[in-house]
$ cat entry36.txt   # compact mmCIF, C-alpha atoms
# COMPACT_ATOMS: atom_id res chain seq x y z
CA MET A 1 14.29 14.58 -30.10
CA ALA A 2 10.98 12.79 -29.76
CA LYS A 3 12.83 10.31 -27.58
CA TYR A 4 12.22 12.63 -24.66
CA LEU A 5 8.59 11.63 -24.66
CA ASN A 6 9.58 8.22 -23.43
CA LEU A 7 12.00 9.19 -20.71
CA LYS A 8 12.50 6.54 -18.09
CA VAL A 9 13.17 7.31 -14.45
CA LEU A 10 15.91 5.26 -12.84
CA VAL A 11 14.59 4.55 -9.38
CA PRO A 12 17.08 3.60 -6.65
CA GLU A 13 17.43 -0.12 -6.05
CA TRP A 14 16.18 0.00 -2.46
CA ILE A 15 12.76 1.03 -3.68
CA TRP A 16 12.10 -2.31 -5.37
CA GLU A 17 12.91 -4.13 -2.16
CA ARG A 18 10.30 -2.14 -0.29
CA TRP A 19 7.63 -2.02 -2.93
CA THR A 20 6.73 -5.67 -2.78
CA TRP A 21 5.84 -5.26 0.88
CA VAL A 22 3.03 -2.79 0.31
CA MET A 23 -0.04 -4.97 0.42
CA TYR A 24 -3.41 -3.40 0.09
CA LEU A 25 -4.09 -6.31 -2.23
CA ILE A 26 -1.91 -9.17 -3.37
CA ILE A 27 0.00 -8.10 -6.43
CA ASN A 28 1.40 -10.45 -8.97
CA TRP A 29 3.75 -8.08 -10.67
CA ASP A 30 7.20 -9.28 -11.38
CA ILE A 31 9.67 -6.92 -9.82
CA LYS A 32 11.58 -6.45 -13.07
CA GLN A 33 8.38 -5.63 -14.89
CA LEU A 34 7.71 -3.02 -12.24
CA ALA A 35 11.06 -1.44 -12.90
CA GLU A 36 10.27 -1.38 -16.59
CA ARG A 37 6.96 0.29 -15.97
CA ILE A 38 8.31 3.42 -14.41
CA LYS A 39 8.37 5.68 -17.39
CA VAL A 40 7.85 9.38 -17.11
CA ARG A 41 4.63 10.50 -18.65
CA PRO A 42 5.66 14.09 -19.14
CA ASP A 43 3.06 16.73 -19.46
CA GLU A 44 3.68 19.35 -22.09
CA ARG A 45 5.54 21.67 -19.74
CA PHE A 46 7.94 18.94 -18.68
CA TYR A 47 8.65 17.99 -22.27
CA LYS A 48 9.08 21.60 -23.31
CA VAL A 49 11.53 22.50 -20.59
CA VAL A 50 13.67 19.42 -21.21
CA ASP A 51 13.57 19.97 -24.94
CA LYS A 52 14.35 23.68 -24.68
CA HIS A 53 17.37 23.27 -22.45
CA MET A 54 18.68 20.19 -24.24
CA ARG A 55 18.60 22.03 -27.55
CA ALA A 56 20.17 25.13 -26.05
CA TYR A 57 22.96 23.07 -24.53
CA LEU A 58 23.60 20.76 -27.48
CA GLU A 59 23.12 23.24 -30.30
CA GLU A 60 24.18 26.56 -28.79
CA ASN A 61 26.40 25.38 -25.95
CA LYS A 62 24.24 27.33 -23.47
CA MET A 63 24.27 26.08 -19.90
CA PRO A 64 20.86 25.27 -18.38
CA PRO A 65 19.70 27.04 -15.19
CA ASP A 66 21.66 25.90 -12.12
CA GLU A 67 18.70 24.02 -10.61
CA ILE A 68 18.43 21.65 -13.55
CA ALA A 69 21.90 21.81 -15.04
CA PRO A 70 23.03 18.39 -13.71
CA ALA A 71 19.84 16.77 -14.97
CA ILE A 72 20.07 18.26 -18.46
CA LEU A 73 23.78 17.51 -18.72
CA ASN A 74 23.22 13.89 -17.70
CA LEU A 75 20.52 13.56 -20.35
CA ALA A 76 22.75 15.23 -22.91
CA ASP A 77 25.50 12.73 -22.09
CA ASP A 78 23.08 9.86 -22.73
CA TYR A 79 21.94 11.46 -25.96
CA MET A 80 25.45 12.12 -27.26
CA ALA A 81 26.54 8.59 -26.41
CA GLY A 82 23.48 7.10 -28.13
CA ARG A 83 22.27 5.57 -24.87
CA PRO A 84 18.59 5.33 -23.83
CA MET A 85 17.51 8.59 -22.21
CA ASN A 86 17.32 7.68 -18.56
CA LEU A 87 16.53 10.20 -15.87
CA ARG A 88 18.03 9.55 -12.47
CA ALA A 89 15.36 9.95 -9.81
CA GLY A 90 17.11 12.97 -8.33
CA ASP A 91 17.32 14.64 -11.75
CA TYR A 92 13.65 13.98 -12.39
CA ILE A 93 12.75 15.54 -9.05
CA ALA A 94 14.95 18.55 -9.79
CA ILE A 95 13.21 19.18 -13.11
CA GLN A 96 9.77 18.84 -11.54
CA ASN A 97 10.78 21.23 -8.75
CA TYR A 98 12.03 23.69 -11.34
CA LEU A 99 8.72 23.49 -13.18
CA ARG A 100 6.78 23.96 -9.98
CA GLN A 101 8.82 27.01 -9.00
CA SER A 102 8.41 28.63 -12.40
CA LYS A 103 4.62 28.17 -12.48
CA MET B 1 20.97 14.50 -1.81
CA GLY B 2 17.27 14.70 -1.00
CA PHE B 3 14.82 11.86 -0.70
CA GLU B 4 14.42 9.96 -3.99
CA GLY B 5 11.44 7.67 -3.40
CA PHE B 6 7.95 8.02 -4.86
CA PRO B 7 4.45 7.10 -3.66
CA PHE B 8 3.98 4.32 -6.19
CA ILE B 9 1.03 2.91 -4.28
CA ILE B 10 -1.57 5.09 -2.64
CA GLY B 11 -4.27 3.83 -0.30
CA TRP B 12 -7.21 6.19 -0.46
CA GLU B 13 -9.89 6.15 2.20
CA LEU B 14 -12.71 7.49 0.01
CA THR B 15 -15.04 7.82 2.99
CA LEU B 16 -15.04 6.75 6.60
CA ALA B 17 -18.75 6.01 6.30
CA CYS B 18 -19.53 2.32 6.60
CA ASN B 19 -22.69 0.25 6.52
CA ILE B 20 -21.29 -2.16 9.13
CA CYS B 21 -19.75 -1.64 12.54
CA CYS B 22 -17.14 -4.42 12.57
CA ARG B 23 -15.67 -5.30 15.93
CA HIS B 24 -12.18 -5.51 14.46
CA CYS B 25 -12.22 -2.23 12.54
CA GLY B 26 -8.95 -0.38 13.10
CA SER B 27 -10.43 2.83 11.67
CA SER B 28 -13.58 2.78 13.84
CA ALA B 29 -15.48 3.35 10.61
CA GLY B 30 -19.19 4.08 10.63
CA LEU B 31 -19.88 7.78 10.31
CA PRO B 32 -18.17 9.81 7.58
CA ARG B 33 -15.51 12.30 8.63
CA ALA B 34 -16.73 15.82 9.28
CA ASN B 35 -15.46 17.40 6.08
CA GLU B 36 -14.77 14.76 3.46
CA LEU B 37 -13.25 15.67 0.11
CA THR B 38 -15.67 16.73 -2.60
CA LEU B 39 -15.58 15.15 -6.05
CA GLU B 40 -13.88 18.24 -7.47
CA GLU B 41 -11.22 18.15 -4.77
CA SER B 42 -10.72 14.43 -5.32
CA LEU B 43 -10.26 14.80 -9.06
CA ALA B 44 -7.80 17.65 -8.52
CA ILE B 45 -5.84 15.41 -6.14
CA CYS B 46 -5.74 12.68 -8.81
CA ASP B 47 -4.18 15.20 -11.18
CA GLN B 48 -1.27 15.52 -8.76
CA PHE B 49 -0.40 11.83 -9.06
CA PRO B 50 1.33 11.44 -12.45
CA PRO B 51 4.38 13.62 -11.69
CA LEU B 52 4.80 11.58 -8.49
CA LEU B 53 4.88 8.38 -10.61
CA VAL B 54 1.87 6.89 -8.80
CA GLN B 55 1.15 3.47 -10.31
CA GLU B 56 -1.70 2.12 -8.24
CA VAL B 57 -4.47 3.56 -6.09
CA ASP B 58 -6.42 1.34 -3.70
CA PHE B 59 -9.82 2.63 -2.60
CA THR B 60 -10.60 1.74 0.99
CA GLY B 61 -12.77 3.14 3.73
CA GLY B 62 -15.01 2.94 5.61
CA GLU B 63 -16.84 1.32 2.78
CA PRO B 64 -15.63 3.03 -0.41
CA LEU B 65 -18.65 1.93 -2.44
CA LEU B 66 -20.89 4.08 -0.24
CA ARG B 67 -19.39 7.07 -1.94
CA PRO B 68 -21.56 7.42 -5.06
CA ASP B 69 -18.93 9.21 -7.11
CA TRP B 70 -16.25 6.51 -6.80
CA PRO B 71 -16.66 5.51 -10.48
CA ARG B 72 -15.86 9.09 -11.53
CA ILE B 73 -12.67 9.08 -9.48
CA ALA B 74 -11.68 5.63 -10.74
CA SER B 75 -12.33 6.58 -14.37
CA HIS B 76 -10.31 9.73 -13.96
CA LEU B 77 -7.39 7.75 -12.55
CA GLY B 78 -7.68 5.36 -15.48
CA LYS B 79 -7.37 8.26 -17.90
CA LEU B 80 -4.19 9.25 -16.10
CA GLY B 81 -2.82 5.74 -16.63
CA ILE B 82 -3.16 4.74 -12.98
CA SER B 83 -4.50 1.35 -11.98
CA THR B 84 -7.31 1.35 -9.39
CA ARG B 85 -8.34 -1.38 -6.97
CA ILE B 86 -11.20 -1.44 -4.48
CA LEU B 87 -11.42 -3.07 -1.05
CA THR B 88 -15.01 -3.63 0.00
CA ASN B 89 -17.06 -5.52 2.56
CA GLY B 90 -19.14 -6.78 -0.36
CA LEU B 91 -22.54 -5.79 0.98
CA THR B 92 -23.36 -3.43 -1.85
CA LEU B 93 -21.63 -5.43 -4.56
CA GLY B 94 -24.74 -6.06 -6.63
CA PRO B 95 -24.84 -6.61 -10.39
CA ASP B 96 -24.98 -2.86 -11.09
CA THR B 97 -21.92 -2.17 -8.98
CA VAL B 98 -20.02 -5.00 -10.63
CA ALA B 99 -20.87 -3.49 -14.02
CA GLN B 100 -19.74 -0.07 -12.80
CA MET B 101 -16.44 -1.56 -11.71
CA LYS B 102 -15.89 -3.04 -15.12
CA ASP B 103 -16.85 0.20 -16.84
CA ALA B 104 -14.54 2.20 -14.59
CA GLY B 105 -11.66 -0.16 -15.37
CA ILE B 106 -11.16 -1.41 -11.82
CA ALA B 107 -8.08 -3.63 -11.95
CA SER B 108 -8.94 -5.76 -8.96
CA VAL B 109 -11.40 -6.00 -6.11
CA GLY B 110 -10.78 -7.21 -2.57
CA ILE B 111 -13.70 -8.57 -0.56
CA SER B 112 -13.45 -9.17 3.19
CA LEU B 113 -14.46 -12.49 4.65
CA ASP B 114 -13.52 -12.86 8.28
CA GLY B 115 -14.45 -16.35 9.33
CA LEU B 116 -17.00 -19.08 8.93
CA GLU B 117 -20.63 -18.07 9.17
CA GLU B 118 -21.05 -17.61 12.90
CA THR B 119 -17.71 -15.88 13.39
CA HIS B 120 -18.01 -13.62 10.35
CA ASP B 121 -21.46 -12.50 11.42
CA TYR B 122 -20.32 -12.00 15.02
CA ILE B 123 -17.48 -9.73 13.86
CA ARG B 124 -19.88 -7.83 11.59
CA GLY B 125 -22.47 -7.65 14.38
CA HIS B 126 -25.23 -8.83 12.07
CA LYS B 127 -26.61 -12.24 11.18
CA GLY B 128 -26.86 -13.05 7.50
CA PHE B 129 -23.91 -10.98 6.28
CA PHE B 130 -21.77 -14.08 5.71
CA ARG B 131 -24.21 -15.32 3.08
CA LEU B 132 -24.35 -11.89 1.45
CA VAL B 133 -20.56 -11.85 1.18
CA LEU B 134 -20.49 -15.29 -0.38
CA ALA B 135 -23.00 -14.06 -2.94
CA ALA B 136 -20.79 -11.01 -3.63
CA ILE B 137 -17.74 -13.24 -4.09
CA ASP B 138 -19.68 -15.40 -6.49
CA ARG B 139 -20.87 -12.36 -8.40
CA ALA B 140 -17.37 -10.94 -8.69
CA LEU B 141 -15.97 -14.26 -9.88
CA ASN B 142 -18.71 -14.74 -12.46
CA SER B 143 -18.20 -11.25 -13.81
CA GLY B 144 -14.55 -11.92 -14.51
CA LEU B 145 -13.32 -9.23 -12.11
CA SER B 146 -9.92 -9.98 -10.65
CA LEU B 147 -10.75 -10.92 -7.06
CA THR B 148 -8.82 -11.26 -3.83
CA VAL B 149 -10.57 -12.39 -0.66
CA ILE B 150 -9.12 -10.74 2.44
CA THR B 151 -9.30 -12.21 5.91
CA THR B 152 -8.20 -10.34 9.01
CA ILE B 153 -7.07 -12.99 11.43
CA ASN B 154 -8.07 -12.81 15.06
CA ALA B 155 -8.32 -15.21 17.97
CA LEU B 156 -11.81 -16.34 16.96
CA ASN B 157 -11.17 -17.25 13.34
CA LEU B 158 -7.59 -18.52 13.59
CA ASP B 159 -8.61 -22.15 13.92
CA GLN B 160 -11.03 -21.79 11.02
CA LEU B 161 -8.34 -21.03 8.45
CA PRO B 162 -8.17 -24.56 6.99
CA SER B 163 -11.97 -24.65 6.65
CA LEU B 164 -11.94 -21.21 5.07
CA PHE B 165 -9.32 -22.40 2.63
CA THR B 166 -11.55 -25.28 1.60
CA LEU B 167 -14.55 -22.99 1.30
CA LEU B 168 -12.76 -20.40 -0.83
CA HIS B 169 -11.25 -23.04 -3.06
CA SER B 170 -14.67 -24.58 -3.60
CA LEU B 171 -16.01 -21.17 -4.60
CA GLY B 172 -13.26 -20.77 -7.19
CA VAL B 173 -11.31 -18.05 -5.40
CA SER B 174 -7.70 -18.01 -6.57
CA ARG B 175 -6.21 -15.32 -4.31
CA TRP B 176 -6.58 -15.18 -0.56
CA GLN B 177 -4.85 -12.51 1.45
CA ILE B 178 -4.58 -12.94 5.19
CA GLN B 179 -3.48 -10.35 7.67
CA PRO B 180 -3.28 -10.24 11.44
CA ILE B 181 -5.54 -7.91 13.40
CA PHE B 182 -4.17 -4.55 14.58
CA PRO B 183 -5.16 -3.45 18.08
CA LEU B 184 -6.30 -0.03 16.88
CA GLY B 185 -9.63 1.76 16.73
CA ARG B 186 -12.62 -0.42 17.61
CA SER B 187 -10.39 -3.48 17.61
CA SER B 188 -8.46 -2.20 20.62
CA GLN B 189 -11.64 -2.65 22.70
CA ALA B 190 -12.26 -6.18 21.42
CA THR B 191 -10.02 -8.14 23.75
CA GLU B 192 -11.57 -11.43 22.65
CA LEU B 193 -10.09 -10.91 19.17
CA GLN B 194 -6.48 -10.16 20.06
CA LEU B 195 -3.72 -12.57 19.12
CA THR B 196 -1.23 -14.08 21.53
CA ASP B 197 2.38 -14.72 20.54
CA GLN B 198 1.50 -18.35 20.04
CA ALA B 199 -1.47 -17.47 17.83
CA TYR B 200 0.70 -15.22 15.71
CA MET B 201 3.18 -18.04 15.19
CA GLN B 202 0.24 -20.25 14.25
CA ILE B 203 -0.62 -17.88 11.40
CA GLY B 204 2.94 -18.25 10.16
CA SER B 205 2.70 -22.03 10.28
CA PHE B 206 -0.60 -21.91 8.43
CA VAL B 207 0.80 -19.81 5.59
CA GLN B 208 3.89 -21.98 5.37
CA HIS B 209 1.95 -25.24 5.28
CA TRP B 210 -1.15 -24.22 3.34
CA GLY B 211 0.63 -21.80 1.03
CA SER B 212 2.35 -24.64 -0.79
CA LYS B 213 -0.81 -26.76 -0.69
CA ALA B 214 -2.68 -23.87 -2.26
CA GLU B 215 -0.16 -23.60 -5.08
CA GLU B 216 -0.84 -27.21 -5.98
CA VAL B 217 -4.49 -26.38 -6.62
CA GLY B 218 -3.80 -23.08 -8.39
CA MET B 219 -4.60 -20.86 -5.45
CA GLU B 220 -2.40 -18.22 -3.87
CA VAL B 221 -2.45 -17.71 -0.12
CA GLY B 222 -0.55 -14.55 0.62
CA PRO B 223 0.12 -12.77 3.86
CA ALA B 224 -0.13 -8.98 3.81
CA ASP B 225 1.95 -6.52 5.77
CA SER B 226 2.57 -6.95 9.48
CA PHE B 227 3.52 -10.55 8.87
CA GLY B 228 7.07 -11.79 9.34
CA TYR B 229 10.06 -11.79 9.69
CA PHE B 230 13.38 -13.63 9.20
CA THR B 231 12.37 -17.19 9.90
CA GLU B 232 11.32 -20.15 7.80
CA LEU B 233 7.72 -18.99 8.37
CA ASP B 234 8.20 -16.05 6.06
CA THR B 235 10.36 -16.65 3.03
CA ARG B 236 9.18 -13.83 0.81
CA LYS B 237 11.74 -12.40 -1.59
CA PRO B 238 13.22 -9.88 -1.35
CA PRO B 239 13.24 -10.17 2.43
CA TRP B 240 11.83 -7.54 4.75
CA ARG B 241 13.88 -4.33 4.86
CA GLY B 242 11.66 -2.22 7.07
CA CYS B 243 8.31 -0.52 6.83
CA PRO B 244 7.68 0.97 3.36
CA ALA B 245 5.30 3.71 4.61
CA GLY B 246 6.37 7.08 3.30
CA LEU B 247 9.08 5.49 1.18
CA VAL B 248 7.13 3.90 -1.67
CA ALA B 249 3.57 4.35 -0.49
CA CYS B 250 1.25 6.64 1.41
CA GLY B 251 -2.39 6.97 2.36
CA ILE B 252 -5.00 9.69 1.91
CA THR B 253 -7.80 10.04 4.43
CA SER B 254 -11.28 11.03 3.29
CA ASP B 255 -10.72 14.59 4.53
CA GLY B 256 -7.48 14.97 2.61
CA LYS B 257 -4.84 14.21 5.22
CA ILE B 258 -1.70 12.27 4.34
CA LYS B 259 -0.39 9.29 6.29
CA GLY B 260 2.44 6.92 5.51
CA CYS B 261 0.01 4.03 5.84
CA LEU B 262 -3.76 4.24 6.18
CA SER B 263 -3.69 1.67 8.98
CA LEU B 264 -1.85 4.13 11.23
CA PRO B 265 -4.03 6.12 13.60
CA ASP B 266 -5.07 9.68 12.82
CA GLU B 267 -2.48 11.28 15.06
CA VAL B 268 0.25 10.19 12.62
CA ILE B 269 -0.49 12.79 9.94
CA GLU B 270 2.14 14.28 7.63
CA GLY B 271 0.13 17.01 5.96
CA ASP B 272 -3.16 18.22 4.57
CA LEU B 273 -3.94 18.21 0.84
CA ARG B 274 -6.26 21.15 1.36
CA GLN B 275 -3.25 23.20 2.37
CA HIS B 276 -0.37 21.72 0.38
CA ASP B 277 0.19 19.71 -2.77
CA LEU B 278 1.05 16.06 -2.37
CA TRP B 279 4.41 16.77 -4.01
CA ASP B 280 5.33 19.26 -1.28
CA ILE B 281 4.18 16.98 1.53
CA TRP B 282 5.94 13.96 0.05
CA PHE B 283 9.28 15.71 -0.45
CA ASP B 284 9.18 17.75 2.75
CA PRO B 285 12.37 16.76 4.59
CA HIS B 286 10.39 16.45 7.82
CA SER B 287 7.76 14.09 6.46
CA PHE B 288 7.56 10.41 7.37
CA ALA B 289 10.41 10.75 9.83
CA TYR B 290 9.63 7.37 11.41
CA THR B 291 10.77 5.56 8.27
CA ARG B 292 12.94 8.08 6.44
CA GLN B 293 15.04 9.03 9.43
CA PHE B 294 15.32 5.65 11.06
CA SER B 295 18.40 4.93 13.10
CA VAL B 296 19.10 2.04 15.44
CA GLU B 297 18.99 4.41 18.42
CA LYS B 298 15.25 4.72 17.80
CA LEU B 299 14.56 1.01 18.32
CA GLY B 300 12.21 0.17 21.17
CA PRO B 301 12.84 -2.47 23.85
CA ASN B 302 11.28 -5.28 21.79
CA CYS B 303 13.83 -4.79 19.02
CA ARG B 304 16.82 -3.05 20.57
CA SER B 305 18.94 -6.10 21.16
CA CYS B 306 17.88 -7.93 17.99
CA ASN B 307 20.65 -8.81 15.57
CA LYS B 308 18.28 -8.24 12.63
CA ALA B 309 17.27 -4.75 13.73
CA GLU B 310 19.47 -2.86 11.31
CA GLN B 311 17.80 -4.61 8.40
CA CYS B 312 14.33 -4.80 9.93
CA HIS B 313 13.98 -1.28 11.41
CA GLY B 314 11.69 -2.66 14.09
CA GLY B 315 8.96 -4.31 12.02
CA CYS B 316 5.58 -3.04 10.90
CA SER B 317 5.00 0.57 11.92
CA THR B 318 1.28 0.07 12.51
CA MET B 319 1.66 -3.13 14.49
CA SER B 320 4.40 -1.51 16.54
CA TYR B 321 2.52 1.72 17.17
CA GLY B 322 -0.78 -0.02 17.82
CA ASN B 323 0.66 -2.37 20.39
CA THR B 324 3.26 -0.24 22.11
CA GLY B 325 2.58 3.40 21.20
CA ASN B 326 6.01 3.61 19.58
CA PHE B 327 7.56 2.89 16.22
CA HIS B 328 10.39 0.37 15.68
CA ASN B 329 9.18 -1.82 18.50
CA ASP B 330 6.97 -4.45 16.83
CA PRO B 331 6.13 -7.21 19.31
CA TYR B 332 4.54 -9.43 16.65
CA CYS B 333 7.57 -10.78 14.84
CA PHE B 334 8.32 -14.47 14.33
CA TYR B 335 11.99 -13.95 14.96
CA GLY B 336 11.45 -11.83 18.07
CA ILE B 337 8.78 -14.10 19.54
CA ARG B 338 10.99 -17.11 19.06
CA LYS B 339 13.93 -15.39 20.72
CA ARG B 340 11.82 -14.21 23.64
CA ASN B 341 10.43 -17.67 24.19
CA LEU B 342 13.85 -19.27 24.00
CA LYS B 343 14.91 -16.99 26.83
CA CYS B 344 11.98 -18.29 28.87
CA LEU B 345 13.10 -21.87 28.53
CA PRO B 346 14.69 -23.25 31.70
CA THR B 347 18.45 -23.73 31.45
CA ILE B 348 19.75 -27.21 32.12

$ encode --input "entry36.txt" --output "structure tokens"
Amino acid sequence: MAKYLNLKVLVPEWIWERWTWVMYLIINWDIKQLAERIKVRPDERFYKVVDKHMRAYLEENKMPPDEIAPAILNLADDYMAGRPMNLRAGDYIAIQNYLRQSK
Amino acid sequence: MGFEGFPFIIGWELTLACNICCRHCGSSAGLPRANELTLEESLAICDQFPPLLVQEVDFTGGEPLLRPDWPRIASHLGKLGISTRILTNGLTLGPDTVAQMKDAGIASVGISLDGLEETHDYIRGHKGFFRLVLAAIDRALNSGLSLTVITTINALNLDQLPSLFTLLHSLGVSRWQIQPIFPLGRSSQATELQLTDQAYMQIGSFVQHWGSKAEEVGMEVGPADSFGYFTELDTRKPPWRGCPAGLVACGITSDGKIKGCLSLPDEVIEGDLRQHDLWDIWFDPHSFAYTRQFSVEKLGPNCRSCNKAEQCHGGCSTMSYGNTGNFHNDPYCFYGIRKRNLKCLPTI
């Protein structure tokens, strides 16, 4: 499951429309390249929690904690279907919040 | 569903200290703030950025290079995979500083040039600074640093834009960012610098006309924020959809306060990094209400009857607040100015 190390966050479309208007300095980034750039760089805790609950769900049929259940189930769907592992922005935020609460 | 944006771009006022007292300064920079962040605090703040998907940090001030530990902060950001840019007045951009920028992995540097010699030096309040800035520009270009020259447009330098274009092109500058003056801070006292409606439209015409000319010679003339909207004078894609402050960007003041945009005055603060993590401030449902909780009922009189208001949200928050004391009420808008002036025309 090393794929989890390269999780990508799917950012809502409206964000790209706004981003190009932030101008501390002229940027020359292509908007599609920007979208490609947004990859989660998980720290160890993030990776561990995703890995732990994915394994528990996929291998032991154990439901993740309520706070992150939708996120883990969405990832599991991607994994089972052989799709790239994409994290919806809301799911990413939920996992980070879960990590912060369990510090 | 909660808010799902991220502060991809962060403007960071490293210090409010400045070695110049510019007449147009919206931050009234000069002295440092009373209790500026220490290096340790700054590095700890950097560590909060990766989970928030921060992509770019722009060091501003004051004069950010007056803070001796800026290379440590920039290097730390680099290790976190975050690109750093610096906006400077150029006065201290000697060979050593240029080398430090390269060592620290600075992605790009912005140097301010605010007119031809007499005007630039008048705005800076000191003769000779124009020549020092030209030397800094030359040094940055020769070092291979990615450079943008930034000009804040006011009533005194507006007519100099074509000459400035020629000057910058002759120096080898390939990116020139122009932005209208905000009537905030020290600038609000400088009545001789303020732009009229007509002057603002003139900036639009300049960018439209000279922007394409610039492309022909391999130069980019780009307007910054507070420039637009919805006319042939501003054809940027995607079109303006409202102020991005607090939606995809935010600013950090040198004493650790969070704003949606650093150009906004200090009363528009969302939180304090000495009391809360950036994550908690950013995702607080009450934060950045002026952009996140926009509704057409909040439009001010300049924008209320505009048929673009639902898309525009009332223009640039800083321009609106600086000029009228309210958000969603930007008086400097090509579309709005044109409509207002059409109303003034006598009916036949």

$ atom_distance --input "entry36.txt" --atom1 "atom CA of A:Tyr47" --atom2 "atom CA of A:Leu99"
10.6 Å

$ atom_distance --input "entry36.txt" --atom1 "atom CA of B:Ile82" --atom2 "atom CA of B:Pro51"
11.7 Å

$ residues_around --input "entry36.txt" --residues "B:Ile10" --least-positions-apart "3" --cutoff "6 Å" --atoms "all atoms listed in the file" --output "short mmCIF file (atom, residue, chain, number, x, y, z; two decimals) with C-alpha atoms, in the coordinates of the input"
data_model
loop_
_atom_site.label_atom_id
_atom_site.label_comp_id
_atom_site.auth_asym_id
_atom_site.auth_seq_id
_atom_site.Cartn_x
_atom_site.Cartn_y
_atom_site.Cartn_z
CA VAL B 57 -4.47 3.56 -6.09
CA ALA B 249 3.57 4.35 -0.49
CA CYS B 250 1.25 6.64 1.41
CA GLY B 251 -2.39 6.97 2.36
#

$ residues_around --input "entry36.txt" --residues "B:Gly218" --least-positions-apart "3" --cutoff "9 Å" --atoms "all atoms listed in the file" --output "ChimeraX atom specification"
/B:174,214-215

$ interface_residues --input "entry36.txt" --of "chain B" --to "chain A" --cutoff "6 Å" --atoms "all atoms listed in the file" --output "PyMOL selection string"
chain B and resi 4+224-225+238+244

$ atom_distance --input "entry36.txt" --atom1 "atom CA of B:Leu16" --atom2 "atom CA of B:Leu134"
23.8 Å

$ closest_residue --input "entry36.txt" --among "A:Lys103, A:Arg45, A:Lys8, A:Arg55" --to "A:Arg83" --atoms "all atoms listed in the file"
A:Lys8

$ closest_residue --input "entry36.txt" --among "B:Lys213, B:Lys259, B:Arg274, B:His286" --to "B:Asn35" --atoms "all atoms listed in the file"
B:Arg274

$ residues_around --input "entry36.txt" --residues "A:Asp66" --least-positions-apart "6" --cutoff "12 Å" --atoms "only C-alpha atoms" --output "short mmCIF file (atom, residue, chain, number, x, y, z; two decimals) with C-alpha atoms, in the frame of the given file"
data_model
loop_
_atom_site.label_atom_id
_atom_site.label_comp_id
_atom_site.auth_asym_id
_atom_site.auth_seq_id
_atom_site.Cartn_x
_atom_site.Cartn_y
_atom_site.Cartn_z
CA HIS A 53 17.37 23.27 -22.45
CA ILE A 72 20.07 18.26 -18.46
CA LEU A 73 23.78 17.51 -18.72
CA ALA A 94 14.95 18.55 -9.79
CA ILE A 95 13.21 19.18 -13.11
CA TYR A 98 12.03 23.69 -11.34
#

$ residues_around --input "entry36.txt" --residues "B:Cys22" --least-positions-apart "4" --cutoff "9 Å" --atoms "all atoms listed in the file" --output "PyMOL selection string"
chain B and resi 28-30+122-125+186-187

$ closest_residue --input "entry36.txt" --among "A:Ala71, A:Gln101, A:Lys62, A:Glu44" --to "A:Leu87" --atoms "only C-alpha atoms"
A:Ala71

$ decode --input "entry36.txt" --residues "stretch 6-16 of chain B" --atoms "N, CA and C atoms" --output "JSON list (two decimals), in the first residue's frame"
[["chain", "number", "residue", "atom", "x", "y", "z"],
["B", 6, "PHE", "N", -7.75, 26.08, 0.93],
["B", 6, "PHE", "CA", -6.46, 26.00, 1.63],
["B", 6, "PHE", "C", -5.65, 27.27, 1.35],
["B", 7, "PRO", "N", -4.79, 27.65, 2.29],
["B", 7, "PRO", "CA", -3.96, 28.85, 2.06],
["B", 7, "PRO", "C", -2.74, 28.52, 1.19],
["B", 8, "PHE", "N", -2.99, 28.31, -0.09],
["B", 8, "PHE", "CA", -1.90, 27.90, -0.98],
["B", 8, "PHE", "C", -0.79, 28.95, -1.05],
["B", 9, "ILE", "N", -1.17, 30.21, -0.96],
["B", 9, "ILE", "CA", -0.17, 31.27, -1.00],
["B", 9, "ILE", "C", -0.24, 32.09, 0.29],
["B", 10, "ILE", "N", 0.88, 32.25, 0.92],
["B", 10, "ILE", "CA", 0.93, 33.02, 2.16],
["B", 10, "ILE", "C", 1.87, 34.21, 1.97],
["B", 11, "GLY", "N", 1.37, 35.39, 2.24],
["B", 11, "GLY", "CA", 2.22, 36.57, 2.30],
["B", 11, "GLY", "C", 2.67, 36.72, 3.74],
["B", 12, "TRP", "N", 3.96, 36.86, 3.93],
["B", 12, "TRP", "CA", 4.48, 36.92, 5.30],
["B", 12, "TRP", "C", 5.28, 38.20, 5.49],
["B", 13, "GLU", "N", 4.72, 39.09, 6.29],
["B", 13, "GLU", "CA", 5.43, 40.32, 6.65],
["B", 13, "GLU", "C", 6.48, 39.93, 7.69],
["B", 14, "LEU", "N", 7.72, 39.75, 7.27],
["B", 14, "LEU", "CA", 8.76, 39.27, 8.20],
["B", 14, "LEU", "C", 9.06, 40.29, 9.27],
["B", 15, "THR", "N", 9.01, 41.55, 8.89],
["B", 15, "THR", "CA", 9.19, 42.64, 9.87],
["B", 15, "THR", "C", 8.50, 43.88, 9.31],
["B", 16, "LEU", "N", 8.06, 44.74, 10.20],
["B", 16, "LEU", "CA", 7.52, 46.01, 9.72],
["B", 16, "LEU", "C", 8.61, 47.08, 9.67]]
